[in-house]
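As stored in data-v4.txt (compact mmCIF, C-alpha atoms):
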```txt
# COMPACT_ATOMS: atom_id res chain seq x y z
CA MET A 1 0.72 16.27 13.68
CA ILE A 2 1.75 13.38 11.43
CA SER A 3 4.25 14.36 8.74
CA ALA A 4 4.11 13.45 5.05
CA GLU A 5 7.00 11.01 5.55
CA GLN A 6 5.21 9.29 8.42
CA LYS A 7 2.00 9.08 6.42
CA LEU A 8 3.95 7.47 3.58
CA GLN A 9 5.36 4.96 6.06
CA ILE A 10 1.81 4.01 7.08
CA GLU A 11 0.73 3.65 3.43
CA GLN A 12 3.70 1.43 2.61
CA TYR A 13 2.96 -0.78 5.60
CA LEU A 14 -0.66 -1.23 4.50
CA ILE A 15 0.32 -1.85 0.88
CA GLU A 16 2.63 -4.64 2.06
CA LYS A 17 -0.46 -6.26 3.57
CA LYS A 18 -1.90 -6.53 0.03
CA ILE A 19 -4.90 -4.36 0.84
CA PRO A 20 -6.79 -3.04 -2.23
CA LEU A 21 -6.43 0.73 -2.53
CA ASP A 22 -10.13 1.48 -2.04
CA ILE A 23 -10.07 -0.26 1.34
CA LEU A 24 -6.56 0.97 2.11
CA ILE A 25 -7.75 4.60 1.99
CA GLU A 26 -10.35 3.94 4.68
CA VAL A 27 -7.97 1.90 6.83
CA GLU A 28 -5.30 4.59 6.55
CA ASP A 29 -7.71 7.16 8.00
CA HIS A 30 -8.31 4.86 10.97
CA PHE A 31 -4.55 4.39 11.44
CA LEU A 32 -3.92 8.14 11.32
CA ASN A 33 -6.63 8.93 13.85
CA GLN A 34 -5.58 6.17 16.22
CA ILE A 35 -1.89 7.09 16.01
CA GLU A 36 -2.66 10.76 16.65
CA ASN A 37 -4.77 9.80 19.68
CA PHE A 38 -1.91 7.78 21.16
CA VAL A 39 0.59 10.58 20.50
CA LEU A 40 -1.63 13.24 22.10
CA ASN A 41 -3.20 11.28 24.94
CA GLU A 42 -0.22 9.17 26.00
CA ASN A 43 2.51 11.59 24.94
CA VAL A 44 4.48 8.95 23.01
CA SER A 45 6.48 9.14 19.81
CA PHE A 46 5.12 8.35 16.38
CA ASN A 47 6.97 5.03 16.21
CA ILE A 48 5.61 3.84 19.56
CA ALA A 49 2.08 4.96 18.63
CA PHE A 50 2.42 3.24 15.25
CA ASP A 51 3.44 -0.01 16.92
CA LYS A 52 0.47 0.23 19.28
CA VAL A 53 -1.94 0.67 16.36
CA LYS A 54 -0.31 -2.22 14.51
CA ASN A 55 -0.97 -4.37 17.56
CA LEU A 56 -4.62 -3.25 17.64
CA TRP A 57 -5.00 -4.35 14.03
CA LYS A 58 -2.93 -7.52 14.43
CA ASP A 59 -5.83 -9.97 14.15
CA ASP A 60 -7.51 -8.14 11.26
CA LEU A 61 -4.26 -7.95 9.32
CA LYS A 62 -3.54 -11.66 9.62
CA THR A 63 -3.63 -13.33 6.25
CA ASP A 64 -6.22 -15.78 5.04
CA LYS A 65 -6.79 -17.33 1.64
CA TYR A 66 -9.41 -16.87 -1.04
CA TYR A 67 -10.91 -19.88 -2.81
CA ASN A 68 -8.17 -19.46 -5.47
CA GLY A 69 -5.40 -19.75 -2.89
CA ARG A 70 -4.42 -16.09 -2.98
CA GLU A 71 -3.47 -14.65 0.40
CA VAL A 72 -5.33 -11.63 1.73
CA ALA A 73 -5.83 -9.85 5.05
CA VAL A 74 -8.68 -11.34 7.10
CA PHE A 75 -10.74 -8.15 7.29
CA VAL A 76 -10.25 -7.51 3.55
CA LYS A 77 -11.62 -10.96 2.83
CA LYS A 78 -14.69 -10.21 4.96
CA ILE A 79 -15.29 -6.86 3.23
CA SER A 80 -14.75 -8.40 -0.22
CA GLU A 81 -17.17 -11.23 0.46
CA LYS A 82 -19.79 -8.76 1.69
CA LYS A 83 -19.46 -6.59 -1.44
CA ILE A 84 -19.44 -9.59 -3.77
CA ASN A 85 -22.50 -11.11 -2.09
CA LYS A 86 -24.34 -7.82 -2.60
CA ILE A 87 -23.56 -7.89 -6.32
CA LEU A 88 -24.48 -11.58 -6.42
CA LEU A 89 -27.90 -10.77 -4.99
CA GLU A 90 -28.39 -7.87 -7.41
CA SER A 91 -27.50 -10.06 -10.39
CA VAL A 92 -29.93 -12.77 -9.23
CA LEU A 93 -32.73 -10.22 -8.85
CA PHE A 94 -31.93 -8.82 -12.30
CA THR A 95 -32.00 -12.31 -13.84
CA VAL A 96 -35.34 -13.09 -12.22
CA SER A 97 -36.70 -9.77 -13.50
CA VAL A 98 -35.51 -10.60 -17.02
CA GLY A 99 -37.19 -14.02 -16.85
CA LEU A 100 -40.48 -12.48 -15.71
CA ALA A 101 -40.31 -9.69 -18.29
CA ILE A 102 -39.73 -12.20 -21.09
CA TYR A 103 -42.61 -14.31 -19.80
CA PHE A 104 -45.11 -11.43 -19.77
CA PHE A 105 -43.88 -10.29 -23.18
CA SER A 106 -44.52 -13.77 -24.58
CA LEU A 107 -48.16 -13.47 -23.47
CA ILE A 108 -48.83 -10.38 -25.59
CA ALA A 109 -46.57 -10.94 -28.59
CA THR A 110 -46.65 -13.34 -31.50
CA LYS A 111 -43.84 -15.83 -31.81
CA GLU A 112 -42.30 -13.93 -34.72
CA VAL A 113 -42.30 -10.59 -32.90
CA PHE A 114 -41.10 -12.21 -29.66
CA THR A 115 -38.20 -13.93 -31.42
CA GLU A 116 -37.12 -10.79 -33.26
CA ILE A 117 -37.27 -8.46 -30.25
CA ILE A 118 -35.51 -10.88 -27.90
CA THR A 119 -32.72 -11.34 -30.46
CA TYR A 120 -32.20 -7.58 -30.73
CA LEU A 121 -32.25 -7.16 -26.95
CA ALA A 122 -29.70 -9.96 -26.55
CA PHE A 123 -27.23 -8.16 -28.81
CA ILE A 124 -27.84 -4.83 -27.05
CA PHE A 125 -27.28 -6.52 -23.70
CA LEU A 126 -24.09 -8.04 -25.09
CA GLY A 127 -22.81 -4.64 -26.21
CA LEU A 128 -23.44 -2.65 -23.03
CA PRO A 129 -20.30 -3.76 -21.12
CA GLY A 130 -18.16 -3.07 -24.19
CA LEU A 131 -19.59 0.43 -24.51
CA HIS A 132 -19.12 1.00 -20.79
CA TYR A 133 -15.51 -0.17 -21.12
CA LEU A 134 -14.76 2.21 -24.01
CA LEU A 135 -16.31 5.17 -22.18
CA ASN A 136 -14.10 4.48 -19.15
CA ILE A 137 -11.03 3.00 -20.82
CA LYS A 138 -8.61 5.39 -19.10
CA ILE A 139 -9.75 4.22 -15.69
CA PHE A 140 -9.63 0.56 -16.72
CA ASN A 141 -6.05 1.09 -17.85
CA LEU A 142 -5.08 2.21 -14.34
CA ALA A 143 -4.95 -1.43 -13.30
CA LYS A 144 -1.98 -1.94 -15.62
CA ASN A 145 0.00 0.63 -13.62
CA TYR A 146 -0.75 -1.02 -10.29
CA LYS A 147 -0.08 -4.70 -10.91
CA SER A 148 1.32 -5.32 -7.43
CA THR A 149 -1.63 -3.61 -5.71
CA LYS A 150 -5.28 -4.03 -6.63
CA LEU A 151 -7.24 -0.83 -7.06
CA ASN A 152 -10.32 -2.47 -5.55
CA VAL A 153 -11.99 -5.83 -5.01
CA PHE A 154 -13.88 -5.57 -8.31
CA GLN A 155 -10.83 -5.51 -10.55
CA ASN A 156 -11.38 -8.85 -12.33
CA GLY A 157 -14.96 -8.26 -13.49
CA ASN A 158 -13.96 -7.95 -17.14
CA LEU A 159 -12.82 -11.57 -17.16
CA LEU A 160 -16.32 -12.68 -16.18
CA ILE A 161 -17.80 -10.60 -19.01
CA LEU A 162 -15.29 -12.00 -21.50
CA ILE A 163 -16.16 -15.60 -20.62
CA ALA A 164 -19.92 -15.01 -20.78
CA GLY A 165 -19.54 -12.90 -23.91
CA LEU A 166 -17.67 -15.69 -25.68
CA ILE A 167 -20.49 -18.08 -24.79
CA ILE A 168 -23.08 -15.71 -26.24
CA VAL A 169 -21.07 -14.90 -29.38
CA THR A 170 -20.41 -18.60 -30.00
CA SER A 171 -24.14 -19.24 -29.97
CA ALA A 172 -25.14 -15.95 -31.62
CA SER A 173 -26.39 -17.65 -34.77
CA SER A 174 -28.88 -19.66 -32.73
CA ILE A 175 -30.21 -16.87 -30.49
CA SER A 176 -33.37 -16.49 -32.55
CA ILE A 177 -33.89 -20.26 -32.50
CA THR A 178 -33.37 -20.27 -28.73
CA ALA A 179 -35.91 -17.46 -28.35
CA GLY A 180 -38.41 -19.48 -30.34
CA PHE A 181 -38.02 -22.51 -28.08
CA ILE A 182 -38.40 -20.32 -25.00
CA TYR A 183 -41.58 -18.84 -26.44
CA ASP A 184 -42.97 -22.33 -26.95
CA PHE A 185 -42.04 -23.25 -23.39
CA TYR A 186 -43.74 -20.18 -21.92
CA ASN A 187 -46.89 -20.92 -23.90
CA ASN A 188 -46.95 -24.62 -22.99
CA VAL A 189 -46.38 -25.64 -26.57
CA SER A 190 -43.16 -27.52 -25.97
CA ALA A 191 -41.24 -28.67 -22.90
CA ARG A 192 -38.01 -28.66 -24.91
CA GLY A 193 -37.66 -24.93 -24.40
CA PHE A 194 -37.14 -25.40 -20.66
CA SER A 195 -33.49 -26.34 -21.15
CA TYR A 196 -32.99 -23.30 -23.37
CA PHE A 197 -34.68 -21.14 -20.75
CA LEU A 198 -32.30 -22.42 -18.07
CA ILE A 199 -29.31 -21.72 -20.30
CA LEU A 200 -30.59 -18.20 -20.97
CA MET A 201 -31.05 -17.51 -17.26
CA CYS A 202 -27.59 -18.87 -16.37
CA VAL A 203 -25.84 -16.81 -19.04
CA THR A 204 -27.89 -13.71 -18.13
CA TRP A 205 -26.94 -14.10 -14.49
CA PHE A 206 -23.25 -14.67 -15.22
CA TYR A 207 -23.07 -11.79 -17.67
CA SER A 208 -24.97 -9.35 -15.43
CA PHE A 209 -22.80 -10.38 -12.49
CA GLY A 210 -19.70 -9.46 -14.50
CA PHE A 211 -21.26 -6.20 -15.74
CA LEU A 212 -22.19 -5.14 -12.21
CA PHE A 213 -18.60 -5.95 -11.19
CA GLN A 214 -17.41 -3.70 -14.00
CA ILE A 215 -19.67 -0.84 -12.92
CA ALA A 216 -18.58 -1.20 -9.28
CA PHE A 217 -14.93 -1.16 -10.35
CA ILE A 218 -15.35 2.17 -12.16
CA LYS A 219 -17.35 3.74 -9.32
CA SER A 220 -14.71 2.73 -6.78
CA ALA A 221 -11.72 3.62 -8.99
CA LYS A 222 -13.02 7.16 -9.51
CA LYS A 223 -13.02 7.69 -5.75
CA ILE A 224 -9.35 6.79 -5.38
CA LYS A 225 -7.98 8.91 -8.25
CA ALA A 226 -6.86 11.62 -5.83
CA PHE A 227 -5.11 9.06 -3.65
CA ILE A 228 -2.93 7.81 -6.49
CA ASN A 229 -2.21 11.37 -7.66
CA LEU A 230 -3.99 11.30 -11.00
```
Transcribe the structure of this file into structure tokens.
Amino acid sequence: MISAEQKLQIEQYLIEKKIPLDILIEVEDHFLNQIENFVLNENVSFNIAFDKVKNLWKDDLKTDKYYNGREVAVFVKKISEKKINKILLESVLFTVSVGLAIYFFSLIATKEVFTEIITYLAFIFLGLPGLHYLLNIKIFNLAKNYKSTKLNVFQNGNLLILIAGLIIVTSASSISITAGFIYDFYNNVSARGFSYFLILMCVTWFYSFGFLFQIAFIKSAKKIKAFINL
């Protein structure tokens, strides 16, 4: 049976490898099971079993670099990329859905109604991440207490929202004008709206990507509250 002190030793070793806590919890379970198997099956001490498991994980725990130059364990990079690509796909599908919904709406609405509704929806869309942040502010503040260790791979999603939000707020006064140009483009009245449509889709994708990051952060952080003794 592995003692509390030995378990803490395993956790500290994994934390030194700069593994986000959500992944660390899963890896720790693997370490515990593998160490116990060595102790029971080969009748060796904890330290010897621990060294054997370290050797098994040697290649996965080698460090690699993200695009920003930050070092990370190889297997963490693979897991992070897989999770991020999933959110990337979801945000693309959402953006395409928004584009199609706006298109079909333009077919049944007058330009005045279309412009007014799209403007309202844009501001609602802009406010959702802020509302989500306020409702979960205690969990978001956890990151401040764990600056040396990331809670999960989604921790920087708020920065994406802030950048996209600033873009939207900066152009807020022209949202209704933009909606009008897009309406004209959809109805083959003017080709000028195509550029506005592309801008709308890019901002929608970037903003939804950040919002989905934010949601994933909260979902993951709630699962590790017990691990960090909250």
Once you count all atoms listed in the file, which residues end up no further than 12 Å from (10.0, 10.0, 16.6) in the file's frame, shown as a VMD selection string?
chain A and resid 1 to 3 5 to 6 39 43 to 51
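The closest residue to Leu128 (chain A), picked from A:Asn187, A:Asn85, A:Ser208, A:Val98 and counting only C-alpha atoms, is A:Ser208.
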Expressed in Å to a single decimal, how great is the separation between CA of Leu88 (chain A) and CA of Asn136 (chain A)?
23.0 Å
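Residues within 10 Å of Glu90 (chain A), counting all atoms listed in the file and excluding same-chain residues fewer than 5 positions away, are Ile84, Asn85, Thr95, Val96, Trp205, Ser208, Phe209 and Leu212 of chain A.
The gap separating CA of Ile102 (chain A) from CA of Phe217 (chain A) is 29.2 Å, in Å to one decimal.
Taking CA of Leu40 (chain A) and CA of Val53 (chain A) as endpoints, the distance between them is 13.8 Å.
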In the coordinate frame of the file, compute which residues have an atom within 12 Å of (-16.5, -9.5, 0.2) when using all atoms listed in the file, and state them as a short mmCIF file (atom, residue, chain, number, x, y, z; two decimals) with C-alpha atoms, keeping the file's coordinate frame.
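And here's out-v8.cif as it stands now:
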```
data_model
loop_
_atom_site.label_atom_id
_atom_site.label_comp_id
_atom_site.auth_asym_id
_atom_site.auth_seq_id
_atom_site.Cartn_x
_atom_site.Cartn_y
_atom_site.Cartn_z
CA PRO A 20 -6.79 -3.04 -2.23
CA ILE A 23 -10.07 -0.26 1.34
CA TYR A 66 -9.41 -16.87 -1.04
CA VAL A 72 -5.33 -11.63 1.73
CA ALA A 73 -5.83 -9.85 5.05
CA VAL A 74 -8.68 -11.34 7.10
CA PHE A 75 -10.74 -8.15 7.29
CA VAL A 76 -10.25 -7.51 3.55
CA LYS A 77 -11.62 -10.96 2.83
CA LYS A 78 -14.69 -10.21 4.96
CA ILE A 79 -15.29 -6.86 3.23
CA SER A 80 -14.75 -8.40 -0.22
CA GLU A 81 -17.17 -11.23 0.46
CA LYS A 82 -19.79 -8.76 1.69
CA LYS A 83 -19.46 -6.59 -1.44
CA ILE A 84 -19.44 -9.59 -3.77
CA ASN A 85 -22.50 -11.11 -2.09
CA LYS A 86 -24.34 -7.82 -2.60
CA ILE A 87 -23.56 -7.89 -6.32
CA LEU A 88 -24.48 -11.58 -6.42
CA ASN A 152 -10.32 -2.47 -5.55
CA VAL A 153 -11.99 -5.83 -5.01
CA PHE A 154 -13.88 -5.57 -8.31
#
```
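By only C-alpha atoms, and with residues fewer than 6 positions from Asp22 (chain A) along its chain excluded, the set lying at most 12 Å from it is Leu14, Ile15, Glu28, Asp29, Val76, Ile79, Ser80, Thr149, Lys150, Leu151, Asn152, Val153, Phe154, Gln155, Ala216, Phe217, Ile218, Lys219, Ser220, Ala221, Lys222, Lys223, Ile224, Lys225, Ala226, Phe227 and Ile228 of chain A.
The nearest approach to Leu142 (chain A) among the residues A:Leu21, A:Leu93, A:Lys54, A:Ala4, with all atoms listed in the file taken into account, belongs to A:Leu21.
Residues with any atom within 10 Å of Glu112 (chain A), counting all atoms listed in the file and excluding same-chain neighbours fewer than 3 positions away, are Ala109, Thr115, Glu116, Ile117, Ser176, Ala179, Gly180 and Tyr183 of chain A.
Here the question is which of A:Gly99, A:Ser106, A:Leu131, A:Glu11 gets nearest to Ile199 (chain A) using only C-alpha atoms, and that residue is A:Gly99.
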